[in-house]
file query14.csv (CSV, C-alpha atoms)
chain,number,residue,atom,x,y,z
A,222,MET,CA,14.0,-29.1,-1.5
A,223,GLU,CA,10.8,-28.6,-3.5
A,224,SER,CA,10.4,-25.4,-5.6
A,225,LEU,CA,7.7,-22.9,-4.7
A,226,TYR,CA,5.4,-21.6,-7.5
A,227,ILE,CA,2.5,-19.2,-6.9
A,228,LYS,CA,0.5,-17.9,-9.9
A,229,GLU,CA,0.0,-14.1,-10.2
A,230,SER,CA,-3.3,-12.7,-9.1
A,231,LYS,CA,-4.8,-9.2,-9.4
A,232,SER,CA,-3.3,-8.2,-6.0
A,233,THR,CA,-0.4,-10.6,-5.5
A,234,PRO,CA,2.8,-11.2,-7.6
A,235,LEU,CA,4.0,-14.2,-9.4
A,236,VAL,CA,6.4,-16.3,-7.2
A,237,ASP,CA,8.7,-18.7,-8.9
A,238,PHE,CA,11.3,-20.0,-6.4
A,239,ASN,CA,13.2,-22.7,-8.4
A,240,ALA,CA,15.3,-24.9,-6.1
A,241,ILE,CA,16.8,-26.8,-9.1
A,242,ASN,CA,18.5,-24.0,-10.9
A,243,ASP,CA,18.7,-21.7,-7.9
A,244,LYS,CA,16.8,-18.8,-9.4
A,245,LEU,CA,14.2,-17.0,-7.4
A,246,ILE,CA,11.7,-14.7,-9.0
A,247,ILE,CA,9.0,-12.4,-7.6
A,248,LYS,CA,7.1,-10.4,-10.3
A,249,GLY,CA,4.0,-8.2,-10.3
A,250,GLN,CA,2.0,-6.0,-8.0
A,251,SER,CA,1.3,-6.6,-4.3
A,252,TYR,CA,-1.6,-5.2,-2.3
A,253,PRO,CA,-3.6,-8.1,-0.9
A,254,GLU,CA,-5.9,-7.7,2.0
A,255,ASP,CA,-3.6,-9.7,4.3
A,256,SER,CA,0.0,-9.3,3.1
A,257,PHE,CA,1.5,-11.4,5.8
A,258,ALA,CA,-0.7,-14.4,5.1
A,259,PHE,CA,0.5,-14.2,1.5
A,260,PHE,CA,4.2,-13.7,2.2
A,261,LYS,CA,4.4,-16.2,5.2
A,262,PRO,CA,5.0,-19.3,3.0
A,263,LEU,CA,7.6,-17.4,1.0
A,264,LEU,CA,9.5,-16.4,4.1
A,265,GLU,CA,9.4,-19.9,5.5
A,266,TRP,CA,10.6,-21.4,2.2
A,267,LEU,CA,13.4,-18.9,1.9
A,268,LYS,CA,14.6,-19.4,5.4
A,269,GLU,CA,15.0,-23.1,4.9
A,270,TYR,CA,16.4,-22.8,1.3
A,271,LEU,CA,19.0,-20.1,2.0
A,272,PHE,CA,20.2,-21.9,5.1
A,273,GLY,CA,21.4,-24.8,2.9
A,274,LYS,CA,23.2,-22.6,0.3
A,275,VAL,CA,26.3,-21.4,2.1
A,276,GLY,CA,29.1,-21.0,-0.4
A,277,GLN,CA,26.8,-21.3,-3.4
A,278,GLU,CA,25.3,-18.8,-5.7
A,279,VAL,CA,21.6,-17.8,-5.7
A,280,GLY,CA,20.1,-15.5,-8.3
A,281,ILE,CA,17.2,-13.4,-7.2
A,282,GLU,CA,15.1,-11.3,-9.5
A,283,ILE,CA,12.4,-8.9,-8.2
A,284,THR,CA,10.0,-6.8,-10.3
A,285,ILE,CA,7.5,-4.9,-8.2
A,286,THR,CA,5.2,-2.6,-10.2
A,287,TYR,CA,3.2,-1.6,-7.1
A,288,THR,CA,3.1,-2.5,-3.5
A,289,ASN,CA,1.0,-1.3,-0.6
A,290,THR,CA,2.7,-0.5,2.8
A,291,SER,CA,2.0,-3.9,4.4
A,292,SER,CA,3.5,-5.8,1.4
A,293,SER,CA,6.5,-3.4,1.6
A,294,LYS,CA,7.0,-4.6,5.1
A,295,CYS,CA,6.9,-8.2,4.0
A,296,ILE,CA,9.4,-7.5,1.1
A,297,MET,CA,11.6,-5.9,3.7
A,298,MET,CA,11.5,-9.1,5.7
A,299,ILE,CA,12.5,-11.1,2.6
A,300,LEU,CA,15.5,-8.7,2.0
A,301,ASP,CA,16.4,-9.1,5.7
A,302,LEU,CA,16.6,-12.8,5.1
A,303,ILE,CA,18.8,-12.4,2.0
A,304,GLU,CA,21.0,-10.0,4.0
A,305,SER,CA,21.6,-12.5,6.8
A,306,ALA,CA,22.1,-15.4,4.3
A,307,TYR,CA,24.7,-13.2,2.6
A,308,GLU,CA,26.5,-12.5,5.9
A,309,LYS,CA,26.6,-16.3,6.5
A,310,GLY,CA,28.3,-16.9,3.1
A,311,VAL,CA,25.5,-17.5,0.6
A,312,ILE,CA,26.5,-15.8,-2.7
A,313,THR,CA,23.3,-13.8,-3.3
A,314,ARG,CA,22.9,-11.8,-6.4
A,315,LEU,CA,19.8,-9.6,-6.5
A,316,LYS,CA,18.6,-7.9,-9.6
A,317,TRP,CA,15.7,-5.5,-9.0
A,318,ILE,CA,14.1,-4.8,-12.3
A,319,CYS,CA,12.3,-1.4,-12.9
A,320,ASN,CA,10.4,0.0,-15.8
A,321,GLU,CA,12.4,3.1,-16.7
A,322,HIS,CA,9.2,5.1,-17.4
A,323,ASN,CA,7.8,4.5,-13.9
A,324,GLU,CA,9.6,6.6,-11.3
A,325,TYR,CA,7.5,5.0,-8.7
A,326,GLU,CA,9.2,1.6,-9.2
A,327,LEU,CA,12.7,3.1,-9.2
A,328,GLU,CA,12.0,5.1,-6.0
A,329,CYS,CA,10.8,2.0,-4.3
A,330,ALA,CA,13.8,0.0,-5.4
A,331,GLU,CA,16.3,2.7,-4.4
A,332,GLU,CA,14.8,3.1,-1.0
A,333,PHE,CA,15.1,-0.6,-0.2
A,334,LYS,CA,18.6,-0.7,-1.5
A,335,GLU,CA,19.8,1.9,1.0
A,336,ASP,CA,19.4,-0.5,3.9
A,337,TYR,CA,21.4,-3.5,2.7
A,338,THR,CA,25.0,-4.5,2.0
A,339,PHE,CA,24.5,-7.5,-0.2
A,340,PRO,CA,24.9,-7.1,-4.0
A,341,PHE,CA,21.8,-5.3,-5.1
A,342,GLU,CA,21.6,-4.3,-8.7
A,343,ILE,CA,18.9,-2.0,-10.0
A,344,VAL,CA,18.2,-2.8,-13.7
A,345,LEU,CA,16.2,-0.4,-15.8
A,346,VAL,CA,14.3,-1.9,-18.7
B,11,MET,CA,-37.9,8.1,-5.3
B,12,LEU,CA,-34.1,8.9,-5.2
B,13,HIS,CA,-33.2,11.5,-7.7
B,14,LEU,CA,-30.1,10.0,-9.2
B,15,GLN,CA,-29.5,12.9,-11.6
B,16,THR,CA,-29.1,15.3,-8.7
B,17,LEU,CA,-26.7,12.9,-7.0
B,18,LYS,CA,-24.7,12.6,-10.3
B,19,LYS,CA,-24.7,16.3,-10.8
B,20,SER,CA,-23.4,16.9,-7.4
B,21,LEU,CA,-20.5,14.4,-8.1
B,22,GLU,CA,-19.8,16.2,-11.4
B,23,GLU,CA,-19.8,19.5,-9.6
B,24,TYR,CA,-16.9,18.3,-7.5
B,25,ARG,CA,-15.3,16.6,-10.5
B,26,VAL,CA,-15.5,13.2,-9.0
B,27,LEU,CA,-14.4,10.5,-11.6
B,28,ILE,CA,-15.0,7.4,-9.4
B,29,CYS,CA,-17.0,6.9,-6.3
B,30,PHE,CA,-17.8,3.9,-4.2
B,31,SER,CA,-20.2,4.1,-1.2
B,32,GLY,CA,-20.9,1.2,1.1
B,33,GLN,CA,-19.1,-1.8,2.5
B,34,PHE,CA,-15.6,-2.2,1.0
B,35,SER,CA,-14.0,-5.5,0.2
B,36,GLN,CA,-10.6,-6.4,-1.3
B,37,GLY,CA,-12.3,-7.3,-4.5
B,38,ILE,CA,-13.8,-3.8,-4.8
B,39,VAL,CA,-10.5,-2.2,-4.1
B,40,GLU,CA,-8.9,-4.3,-6.9
B,41,GLN,CA,-11.7,-3.3,-9.4
B,42,LEU,CA,-11.4,0.4,-8.5
B,43,CYS,CA,-7.6,0.2,-9.0
B,44,ASP,CA,-8.2,-1.0,-12.6
B,45,SER,CA,-10.7,1.7,-13.1
B,46,ILE,CA,-8.4,4.4,-11.8
B,47,LYS,CA,-5.6,3.2,-14.1
B,48,GLY,CA,-7.9,3.4,-17.1
B,49,GLN,CA,-9.4,6.7,-16.3
B,50,ILE,CA,-6.2,8.5,-15.3
B,51,THR,CA,-4.4,7.6,-18.4
B,52,GLU,CA,-7.4,8.9,-20.3
B,53,VAL,CA,-7.4,12.4,-18.7
B,54,GLU,CA,-5.6,14.6,-21.1
B,55,GLY,CA,-3.4,17.5,-20.3
B,56,ILE,CA,-2.4,16.2,-16.8
B,57,LYS,CA,0.9,14.4,-16.4
B,58,GLN,CA,0.4,12.2,-13.5
B,59,ASN,CA,1.7,8.8,-12.7
B,60,PRO,CA,-1.4,6.7,-11.9
B,61,MET,CA,0.6,4.8,-9.4
B,62,LYS,CA,0.7,7.8,-7.0
B,63,VAL,CA,-3.1,8.0,-7.1
B,64,ILE,CA,-3.4,4.3,-6.7
B,65,SER,CA,-1.0,4.2,-3.8
B,66,VAL,CA,-3.0,6.9,-1.9
B,67,PHE,CA,-6.3,5.3,-2.8
B,68,VAL,CA,-5.2,1.8,-1.7
B,69,GLU,CA,-3.9,3.0,1.7
B,70,GLN,CA,-7.1,5.0,2.3
B,71,ALA,CA,-9.3,2.1,1.4
B,72,GLN,CA,-7.3,-0.5,3.3
B,73,ASN,CA,-7.1,1.7,6.3
B,74,ILE,CA,-10.9,1.8,6.4
B,75,ILE,CA,-11.2,-2.0,5.8
B,76,ASN,CA,-8.7,-2.6,8.6
B,77,TYR,CA,-10.4,-0.2,10.9
B,78,ASN,CA,-13.7,-1.9,10.4
B,79,LEU,CA,-12.1,-5.4,10.9
B,80,LYS,CA,-10.7,-4.2,14.1
B,81,ASN,CA,-14.1,-3.1,15.2
B,82,LEU,CA,-16.2,-6.1,14.2
B,83,ASN,CA,-17.3,-6.4,17.9
B,84,HIS,CA,-18.1,-2.7,18.2
B,85,LYS,CA,-21.7,-2.3,19.1
B,86,ASN,CA,-22.2,0.0,16.1
B,87,SER,CA,-20.1,-2.2,13.8
B,88,GLU,CA,-22.9,-2.4,11.2
B,89,GLN,CA,-23.1,1.4,11.0
B,90,LEU,CA,-19.3,1.6,10.7
B,91,LEU,CA,-19.2,-0.8,7.8
B,92,GLU,CA,-21.9,0.9,5.9
B,93,SER,CA,-20.5,4.4,6.4
B,94,SER,CA,-17.5,4.0,4.1
B,95,ILE,CA,-17.1,6.1,1.0
B,96,VAL,CA,-14.2,6.8,-1.3
B,97,THR,CA,-14.0,9.2,-4.2
B,98,ILE,CA,-11.3,10.0,-6.7
B,99,GLY,CA,-11.6,13.1,-8.7
B,100,LYS,CA,-9.9,15.9,-10.7
B,101,SER,CA,-8.4,18.9,-8.9
B,102,ALA,CA,-7.0,22.1,-10.5
B,103,ASP,CA,-3.6,20.6,-11.0
B,104,GLY,CA,-4.0,16.8,-10.6
B,105,PHE,CA,-6.2,14.4,-8.7
B,106,PHE,CA,-7.7,14.1,-5.3
B,107,VAL,CA,-8.5,11.0,-3.3
B,108,THR,CA,-11.1,11.7,-0.5
B,109,SER,CA,-12.5,9.0,1.7
B,110,GLY,CA,-14.7,9.0,4.8
B,111,ASN,CA,-16.0,6.6,7.4
B,112,ILE,CA,-17.5,6.6,10.9
B,113,ILE,CA,-15.0,6.2,13.7
B,114,ASP,CA,-15.3,5.8,17.5
B,115,ASN,CA,-14.8,9.1,19.3
B,116,LYS,CA,-12.0,7.5,21.4
B,117,ASP,CA,-9.9,7.1,18.2
B,118,LEU,CA,-10.4,10.7,17.0
B,119,ASP,CA,-7.7,12.5,18.9
B,120,ASP,CA,-5.0,10.0,18.0
B,121,LEU,CA,-5.9,10.1,14.3
B,122,ILE,CA,-5.9,13.9,14.2
B,123,HIS,CA,-2.6,14.0,16.1
B,124,LYS,CA,-1.0,11.6,13.7
B,125,ILE,CA,-2.1,13.6,10.6
B,126,ASP,CA,-1.1,17.0,12.1
B,127,PHE,CA,2.3,15.5,13.0
B,128,LEU,CA,2.9,14.2,9.4
B,129,ASN,CA,1.8,17.5,7.9
B,130,SER,CA,4.5,19.2,9.9
B,131,LEU,CA,7.3,17.1,8.5
B,132,MET,CA,9.7,17.7,5.6
B,133,PRO,CA,10.1,14.9,2.9
B,134,ASP,CA,13.3,13.5,4.4
B,135,GLU,CA,11.7,13.4,7.9
B,136,LEU,CA,8.7,11.6,6.4
B,137,LYS,CA,11.0,9.1,4.9
B,138,GLN,CA,12.8,8.6,8.2
B,139,GLN,CA,9.4,8.1,9.9
B,140,TYR,CA,8.4,5.6,7.3
B,141,LYS,CA,11.6,3.6,7.8
B,142,GLU,CA,11.2,3.6,11.5
B,143,ILE,CA,7.6,2.6,11.6
B,144,ILE,CA,7.9,-0.2,9.0
B,145,ARG,CA,10.5,-1.9,11.2
B,146,ARG,CA,8.5,-1.5,14.3
B,147,GLU,CA,4.9,-2.4,13.2
B,148,GLY,CA,3.4,-5.8,13.8
B,149,HIS,CA,2.4,-8.3,11.1
B,150,VAL,CA,-1.4,-8.3,11.4
B,151,ASP,CA,-2.8,-5.5,9.4
B,152,HIS,CA,-6.0,-4.8,11.2
B,153,GLU,CA,-4.3,-4.9,14.6
B,154,ARG,CA,-2.1,-1.9,13.6
B,155,GLY,CA,-3.0,1.7,13.7
B,156,ALA,CA,-3.3,3.7,10.5
B,157,GLY,CA,0.4,4.7,11.0
B,158,LEU,CA,2.2,3.4,8.0
B,159,GLY,CA,-0.7,4.0,5.6
B,160,LEU,CA,-0.9,7.6,6.6
B,161,ILE,CA,2.8,8.1,6.2
B,162,GLN,CA,2.7,6.6,2.7
B,163,MET,CA,-0.2,9.0,1.8
B,164,ALA,CA,1.8,12.0,3.2
B,165,ARG,CA,4.8,10.9,1.1
B,166,LYS,CA,2.9,10.4,-2.1
B,167,ALA,CA,0.5,13.3,-1.9
B,168,LYS,CA,1.0,17.0,-1.8
B,169,LEU,CA,1.0,18.1,1.8
B,170,PRO,CA,-1.0,18.9,3.8
B,171,LEU,CA,-3.3,15.9,4.1
B,172,GLU,CA,-6.6,17.6,4.8
B,173,TYR,CA,-9.3,16.2,7.1
B,174,LYS,CA,-12.7,17.1,8.6
B,175,ASN,CA,-14.7,15.6,11.3
B,176,TYR,CA,-18.4,15.8,12.0
B,177,ARG,CA,-19.6,14.7,15.4
B,178,ILE,CA,-22.6,12.4,15.2
B,179,ASN,CA,-23.2,11.8,18.9
B,180,ASP,CA,-21.3,11.0,22.1
B,181,GLU,CA,-19.8,7.9,20.7
B,182,LEU,CA,-19.3,8.4,16.9
B,183,THR,CA,-17.8,10.8,14.5
B,184,TYR,CA,-17.8,11.0,10.8
B,185,PHE,CA,-14.2,11.4,9.6
B,186,GLN,CA,-13.0,12.3,6.1
B,187,ILE,CA,-9.5,12.6,4.8
B,188,ASN,CA,-8.4,14.2,1.5
B,189,ALA,CA,-5.1,13.8,-0.3
B,190,ASN,CA,-4.1,15.8,-3.4
B,191,CYS,CA,-1.9,14.0,-5.9

call {"tool": "encode", "arguments": {"input": "query14.csv", "output": "structure tokens"}}
result
Amino acid sequence: MESLYIKESKSTPLVDFNAINDKLIIKGQSYPEDSFAFFKPLLEWLKEYLFGKVGQEVGIEITITYTNTSSSKCIMMILDLIESAYEKGVITRLKWICNEHNEYELECAEEFKEDYTFPFEIVLV
Amino acid sequence: MLHLQTLKKSLEEYRVLICFSGQFSQGIVEQLCDSIKGQITEVEGIKQNPMKVISVFVEQAQNIINYNLKNLNHKNSEQLLESSIVTIGKSADGFFVTSGNIIDNKDLDDLIHKIDFLNSLMPDELKQQYKEIIRREGHVDHERGAGLGLIQMARKAKLPLEYKNYRINDELTYFQINANC
């Protein structure tokens, strides 16, 4: 499967989904005009990719410095996909990276974490 | 001729740091976010995470953009688009974000009801509301109500969210909302 790479913009994060080394990265801020239009290809890619990874390990690294509410909904949909992949036997390891000086980022990460059972590690840097 | 100094003085009187009046676009929202970040870190003596102010600002601005998108076929759509204004300024103990736009009278009661309801909630109830609505709402931003954006404002700002409405005629009302951060 082909990797997915989207350059960071002012209102959308960097997306680096590497299908070769099984490392998926989302990094930056997210508040585009149409969040679902931005996240739709990510969701479609993840659905197909995770489906083929049963029994294998996938590393996911998320750094979100700011998100608007509609992007939060899309991020929740990504986490939902990870949760269902985890339930099907994909070994998902999520690291959510937060700036320790920014309580906003930590609050956001902790709130997402509450709703999931897959390994979800919050890393302060 | 327009007396700009009077206008500027008036903005200064209300301690407005940033103001944009006219039709918003995503590009303008992005530029203003950069500007807020710069200016809030510069204001001395006030410890405030600029992300809170940015969060409230983005939700207000995008609510207005979405409202106008939803009403592109409204017979007064031009008037709605041009009516938008957003201001960010200094309050006694932090910052305020106040925005206004013209809305259709038929949307007024629902909007007021939503804000009053959020103002009556405690922080953990607001969080519960947020989690409930984020699961329920559809994908297309401008087809939604202002629900999630308002909850986010209520969660990030100091309650209550304040509002005022000025009736223009039988069809339209000018609505403004203020959040203190």

call {"tool": "interface_residues", "arguments": {"input": "query14.csv", "of": "chain A", "to": "chain B", "cutoff": "9 Å", "atoms": "only C-alpha atoms", "output": "PyMOL selection string"}}
result
chain A and resi 231-232+252-258+286-291+293-295+297+323-325

call {"tool": "atom_distance", "arguments": {"input": "query14.csv", "atom1": "atom CA of B:Ala164", "atom2": "atom CA of B:Gln70"}}
result
11.4 Å

call {"tool": "residues_around", "arguments": {"input": "query14.csv", "residues": "A:Leu271", "least_positions_apart": "2", "cutoff": "12 Å", "atoms": "all atoms listed in the file", "output": "compact mmCIF listing (two decimals) with C-alpha atoms, in the coordinates of the input"}}
result
# COMPACT_ATOMS: atom_id res chain seq x y z
CA MET A 222 14.00 -29.10 -1.50
CA PHE A 238 11.30 -20.00 -6.40
CA ALA A 240 15.30 -24.90 -6.10
CA ASP A 243 18.70 -21.70 -7.90
CA LYS A 244 16.80 -18.80 -9.40
CA LEU A 245 14.20 -17.00 -7.40
CA LEU A 263 7.60 -17.40 1.00
CA LEU A 264 9.50 -16.40 4.10
CA GLU A 265 9.40 -19.90 5.50
CA TRP A 266 10.60 -21.40 2.20
CA LEU A 267 13.40 -18.90 1.90
CA LYS A 268 14.60 -19.40 5.40
CA GLU A 269 15.00 -23.10 4.90
CA GLY A 273 21.40 -24.80 2.90
CA LYS A 274 23.20 -22.60 0.30
CA VAL A 275 26.30 -21.40 2.10
CA GLY A 276 29.10 -21.00 -0.40
CA GLN A 277 26.80 -21.30 -3.40
CA GLU A 278 25.30 -18.80 -5.70
CA VAL A 279 21.60 -17.80 -5.70
CA GLY A 280 20.10 -15.50 -8.30
CA ILE A 281 17.20 -13.40 -7.20
CA ILE A 299 12.50 -11.10 2.60
CA LEU A 300 15.50 -8.70 2.00
CA ASP A 301 16.40 -9.10 5.70
CA LEU A 302 16.60 -12.80 5.10
CA ILE A 303 18.80 -12.40 2.00
CA GLU A 304 21.00 -10.00 4.00
CA SER A 305 21.60 -12.50 6.80
CA ALA A 306 22.10 -15.40 4.30
CA TYR A 307 24.70 -13.20 2.60
CA GLU A 308 26.50 -12.50 5.90
CA LYS A 309 26.60 -16.30 6.50
CA GLY A 310 28.30 -16.90 3.10
CA VAL A 311 25.50 -17.50 0.60
CA ILE A 312 26.50 -15.80 -2.70
CA THR A 313 23.30 -13.80 -3.30

call {"tool": "atom_distance", "arguments": {"input": "query14.csv", "atom1": "atom CA of B:Ala102", "atom2": "atom CA of B:Glu22"}}
result
14.1 Å

call {"tool": "closest_residue", "arguments": {"input": "query14.csv", "among": "B:Ser93, B:Thr16, B:Ile125, B:Lys47", "to": "B:Gln33", "atoms": "all atoms listed in the file"}}
result
B:Ser93

call {"tool": "closest_residue", "arguments": {"input": "query14.csv", "among": "B:Val96, B:Leu171, B:Leu91, B:Leu182", "to": "B:Asp117", "atoms": "only C-alpha atoms"}}
result
B:Leu182

call {"tool": "atom_distance", "arguments": {"input": "query14.csv", "atom1": "atom CA of A:Ser230", "atom2": "atom CA of A:Tyr270"}}
result
24.5 Å

call {"tool": "residues_near_point", "arguments": {"input": "query14.csv", "point": "(-16.6, 8.2, 22.9)", "cutoff": "12 Å", "atoms": "all atoms listed in the file", "output": "JSON, numbers by chain"}}
result
{"B": [84, 113, 114, 115, 116, 117, 118, 119, 177, 178, 179, 180, 181, 182, 183]}

call {"tool": "closest_residue", "arguments": {"input": "query14.csv", "among": "A:Leu225, A:Val346, A:Ile247, A:Cys319", "to": "A:Ile283", "atoms": "all atoms listed in the file"}}
result
A:Ile247

call {"tool": "closest_residue", "arguments": {"input": "query14.csv", "among": "B:Leu90, B:Val63, B:Met132, B:Leu42", "to": "B:Ala189", "atoms": "only C-alpha atoms"}}
result
B:Val63

call {"tool": "residues_around", "arguments": {"input": "query14.csv", "residues": "stretch 23-27 of chain B", "least_positions_apart": "6", "cutoff": "12 Å", "atoms": "all atoms listed in the file", "output": "VMD selection string"}}
result
chain B and resid 15 to 17 42 45 to 50 52 to 53 96 to 102 104 to 109

call {"tool": "closest_residue", "arguments": {"input": "query14.csv", "among": "B:Asn86, B:Gln139, B:Asn111, B:Ser20", "to": "B:Asn175", "atoms": "only C-alpha atoms"}}
result
B:Asn111

call {"tool": "residues_around", "arguments": {"input": "query14.csv", "residues": "A:Phe341", "least_positions_apart": "2", "cutoff": "7 Å", "atoms": "all atoms listed in the file", "output": "ChimeraX atom specification"}}
result
/A:314-316,334,339,343

call {"tool": "closest_residue", "arguments": {"input": "query14.csv", "among": "A:Ile246, A:Ile227, A:Ile241, A:Leu345", "to": "A:Ile318", "atoms": "only C-alpha atoms"}}
result
A:Leu345
